[in-house]
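**Q** Before I ask anything, here is the structure I am working with.
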Amino acid sequence: MNHGLILPILIPLFVGCLLLLASGASLRVQRALSLLATLALLPCSLWLLAQADLGSVQTYALGNWPAPFGIVLLLDRLSALMLLLTALLALFALLYALRGDDERGRSFHGLFQFQLLGINGAFLTGDLFNLFVFFEILLIASYALLLHGGGRERVRAGLHYVVLNLLGSAFFLIAVGALYGVSGTLNMADLAVKVAAADADQAPILAAAGLLLLVVFGLKAAFLPLYFWLPRAYASATAPVAALFAIMTKVGLYSILRVYTLIFGSEAGSLANLAQDWLWPLALLTIAIGVLGALSACSLQRLVAYLVVISVGTLLAGLSLGTAEALQAALYYWLHSTWISAALFLLADLVARQRGVKGGDLVQGPALQNPHLLGGLFFFAAIAVAGLPPLSGFLGKLLLLQAVEGQQALWLWPLLLIGGLGTLVALSRAGSTLFWRVGRDQLDSAELDYGRLCACLGLLLLSPLLVLLAAPVLEYLAATVSQLHDLAAYRQTLQAGGGL
Amino acid sequence: MEALYALVLGVLIASGVYLLLRARTFPVVMGLTLISYAVNLFLFAMGRLQSGMPAVIREGGQYTDPLPQALVLTAIVIGFAMTAFVVVLALRSLGEQGNDHVDGEESP
């Protein structure tokens with residue numbers, strides 16, 4: 001058994017607890033601890049990625065209880081990739097926060113580590129109830145992080161976010177309970193076996209539970225009828241927190257991908273491809289609504305939040321197509337959209353800091369101190385996020401458009417292309433207002449902080465890096481997709497533990 | 001017993017949803033609490049309803065499924081923490097906005 005598997009959970013857990021105990025210590029000590037822990041996640045996730053790339057699905061039985069009876073952690077190519085994605089994102093978000101945002105409220109670093117604990121745990125777990133527990137951990141940390149810095153707008157957005165997610169948790173438990181009641185197991189690989197063998201009078205209950213799970217994950221992933229909390233919450237959060245939250249919608253999408261390929265996937269008998277028919281129209285509508293929202297956004301932060309909604313719709317379209325090529329394209333776009341939307345949140349904050357009380361509002365404001373630098377970065381980020389060549393957004397969208405065929409292409413092609421145009425219009429409108437429609441006076445109060453700039457730049461540069469490394473990345477993603485579709489490998493994790 | 005149990009769960013959930021839709025923070029918190037009670041009872045019932053059975057497997061004897069009880073215990077702890085958080089947040093919201101509507105402003 002590979003004990004390294006549990007490291008991405010243990011590191012933030014221990015450091016988070018340490019930070020709680022050391023909450024009286026100086027900010028320097030807290031910062032150093034938090035940075036060390038987040039840095040340590042990077043080699044750890046790289047190593048796990050190399051392990052996962054060996055090809056087998058690895059499990060870690062907690063407490064050494066064999067697979068269907070105890071809780072297992074599960075490492076395959078997909079979860080290893082998600083860990084790396086999180087580690088990189090968290091590092092840059094933390095670097096940004098270290099330059100002063102962590103002083104705006106108490107216990108920022110402890111909460112940040114607990115948030116990472118929840119996210120890493122959700123990506124690694126192979127047990128449905130354990131997934132619920134990690135969801136709750138990441139949610140309660142995110143509630144507190146969302147309110148970090150205080151203020152009226154944050155409290156207002158926070159209340160909606162908390163109440164909705166508590167209701168979501170109740171739904172999650174109902175679904176988990178129903179699945180357990182019918183199948184007698186909560187291990188995902190074992191559930192896949194039980195669901196495939198379900199008889200006719202069990203199938204409707206399993207289907208109801210499966211679709212209830214879709215509602216829960218949909219609330220986290222923020223697609224169409226369930227996204228209304230997102231723009232306000234993300235727009236009002238502190239910049240590094242909003243950047244870290246870019247991974248939160250992906251946790252929902254990851255759970256959808258995991259549950260509807262493994263448990264209700266192609267081999268699930270009468271319940272095969274349960275969610276497919278729902279996801280496709282919802283994905284298209286989410287893209288359309290996201291573009292409309294972006295066009296009508298009245299502040300830069302809100303615009304970026306709607307860009308997150310668009311990326312969720314695009315990814316969901318890729319997932320619901322279900323073919324290997326589409327899934328590969330979606331996963332490539334997944335990496336790109338997470339990093340770039342996080343970078344945009346940071347950039348929006350850099351711009352807002354030089355505009356005083358006007359903040360990110362898209363109205364005429366004071367002149368920026370560094371209009372060329374910030375404008376250039378905004379231009380770069382806009383190209384990446386709207387999907388224009390030569391950056392990674394273009395490559396991701398191109399791959400997705402190539403992967404779709406037949407009737408579905410008739411829907412996706414125009415929507416994605418016109419949606420891209422709409423995004424471009426919204427971004428150019430925002431850019432011209434922020435950088436050109438300005439008064440003569442500058443504010444003296446806001447110097448550009450180079451630490452913050454570096455964090456933002458680092459995230460932005462991941463986009464050309466993704467293009468340069470496209471061949472090995474796509475190769476890895478192709479292997480990821482074929483592993484996801486080979487369910488026998490997941491079933492073997494049960495036999496290894498002596499179960500079945 | 002099953003029918004009565006199902007009825008109780010239904011009433012709890014219905015009351016919870018009604019209170020949630022009142023859109024005032026205190027009823028919303030009460031509604032969430034009622035719903036989480038109902039969910040905990042539902043989880044408990046998923047191990048099948050049996051009375052007077054031990055939750056331990058013994059030689060030949062009958063037993064009740066211990067796993068849902070463990071799940072409920074976890075869910076109660078998490079639910080408790082969440083309720084505490086939402087109560088504090090509701091108080092904070094009252095202080096910041098000056099009213100107890102979940103939107104922070106009275107509807108016209």
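Going by the structure tokens order, chains are called A, B, ..., each with residues numbered from 1, while ligands are numbered from 1 in the order shown.
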Give me, as CSV, the closest atom pair and its distance (Å, one decimal) for every residue of stretch 7-37 of chain B within a cut-off of 9 Å of stretch 74-87 of chain B, counting only C-alpha atoms, rows sorted by chain and rising number.

**A**
```
residue,atom,partner,partner_atom,distance
B:Thr25,CA,B:Val87,CA,8.4
B:Phe26,CA,B:Val87,CA,8.1
B:Val29,CA,B:Val87,CA,7.0
B:Leu32,CA,B:Thr83,CA,8.0
B:Thr33,CA,B:Thr83,CA,7.3
B:Ser36,CA,B:Gly79,CA,7.0
B:Tyr37,CA,B:Ile76,CA,8.5
```

**Q** Please find the residues of chain A near chain B - the criterion being any atom within 6 Å, counting only C-alpha atoms - and write them as a PyMOL selection string.

**A** chain A and resi 152+155+177+181

**Q** Go ahead and write the selection's residues with C-alpha atoms as a compact mmCIF listing (two decimals), in the first residue's frame.

**A**
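Once everything was written out, this is out-v1.txt:
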```txt
# COMPACT_ATOMS: atom_id res chain seq x y z
CA ARG A 152 -22.12 44.32 3.77
CA VAL A 155 -22.46 39.04 4.26
CA GLY A 177 -29.08 7.16 2.08
CA GLY A 181 -30.67 1.48 1.41
```

**Q** Near stretch 218-233 of chain A, counting only C-alpha atoms, which residues have an atom at most 8 Å away, once you skip same-chain residues fewer than 2 positions from it, shown as number ranges by chain?

**A** A: 146, 154, 157-158, 160-161, 165, 168, 214-216, 235-237, 248-253, 282-283, 285-286, 289, 302, 305-306, 309, 312-313

**Q** Just C-alpha atoms for this one: save the residues we selected as a PDB file, in the first residue's frame.

**A**
```pdb
ATOM      1  CA  LEU A 146     -16.004  34.141   1.507  1.00  0.00           C
ATOM      2  CA  ARG A 154     -20.024  39.809   1.452  1.00  0.00           C
ATOM      3  CA  ALA A 157     -23.769  36.987  -0.714  1.00  0.00           C
ATOM      4  CA  GLY A 158     -22.558  34.683   2.055  1.00  0.00           C
ATOM      5  CA  HIS A 160     -27.412  32.976   0.144  1.00  0.00           C
ATOM      6  CA  TYR A 161     -24.381  30.781  -0.450  1.00  0.00           C
ATOM      7  CA  ASN A 165     -25.347  24.776   0.220  1.00  0.00           C
ATOM      8  CA  GLY A 168     -27.663  20.912  -1.059  1.00  0.00           C
ATOM      9  CA  LEU A 214     -26.924  15.459 -10.118  1.00  0.00           C
ATOM     10  CA  VAL A 215     -28.867  18.293  -8.446  1.00  0.00           C
ATOM     11  CA  VAL A 216     -26.341  18.434  -5.605  1.00  0.00           C
ATOM     12  CA  ALA A 235     -17.693  38.942  -7.247  1.00  0.00           C
ATOM     13  CA  SER A 236     -17.843  39.960  -3.589  1.00  0.00           C
ATOM     14  CA  ALA A 237     -15.108  37.607  -2.314  1.00  0.00           C
ATOM     15  CA  MET A 248     -14.799  24.888  -6.488  1.00  0.00           C
ATOM     16  CA  THR A 249     -17.067  24.627  -9.511  1.00  0.00           C
ATOM     17  CA  LYS A 250     -14.588  22.054 -10.824  1.00  0.00           C
ATOM     18  CA  VAL A 251     -15.084  19.943  -7.701  1.00  0.00           C
ATOM     19  CA  GLY A 252     -18.751  19.712  -8.671  1.00  0.00           C
ATOM     20  CA  LEU A 253     -17.888  18.869 -12.267  1.00  0.00           C
ATOM     21  CA  LEU A 282     -28.453  22.273 -19.554  1.00  0.00           C
ATOM     22  CA  ALA A 283     -24.889  22.766 -20.776  1.00  0.00           C
ATOM     23  CA  LEU A 285     -28.406  26.872 -21.879  1.00  0.00           C
ATOM     24  CA  THR A 286     -25.690  27.565 -19.301  1.00  0.00           C
ATOM     25  CA  ILE A 289     -27.073  32.520 -20.030  1.00  0.00           C
ATOM     26  CA  ARG A 302     -19.027  40.114 -11.921  1.00  0.00           C
ATOM     27  CA  ALA A 305     -17.784  35.422 -12.432  1.00  0.00           C
ATOM     28  CA  TYR A 306     -20.025  35.026 -15.487  1.00  0.00           C
ATOM     29  CA  VAL A 309     -20.378  30.164 -15.611  1.00  0.00           C
ATOM     30  CA  VAL A 312     -18.809  25.462 -16.635  1.00  0.00           C
ATOM     31  CA  GLY A 313     -21.303  25.239 -19.509  1.00  0.00           C
TER      32      GLY A 313
END
```

**Q** So what do you get for atom CA of A:Leu427 versus atom CA of A:Arg355, distance-wise?

**A**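 Taking atom CA of A:Leu427 and atom CA of A:Arg355, their separation equals 18.1 Å.
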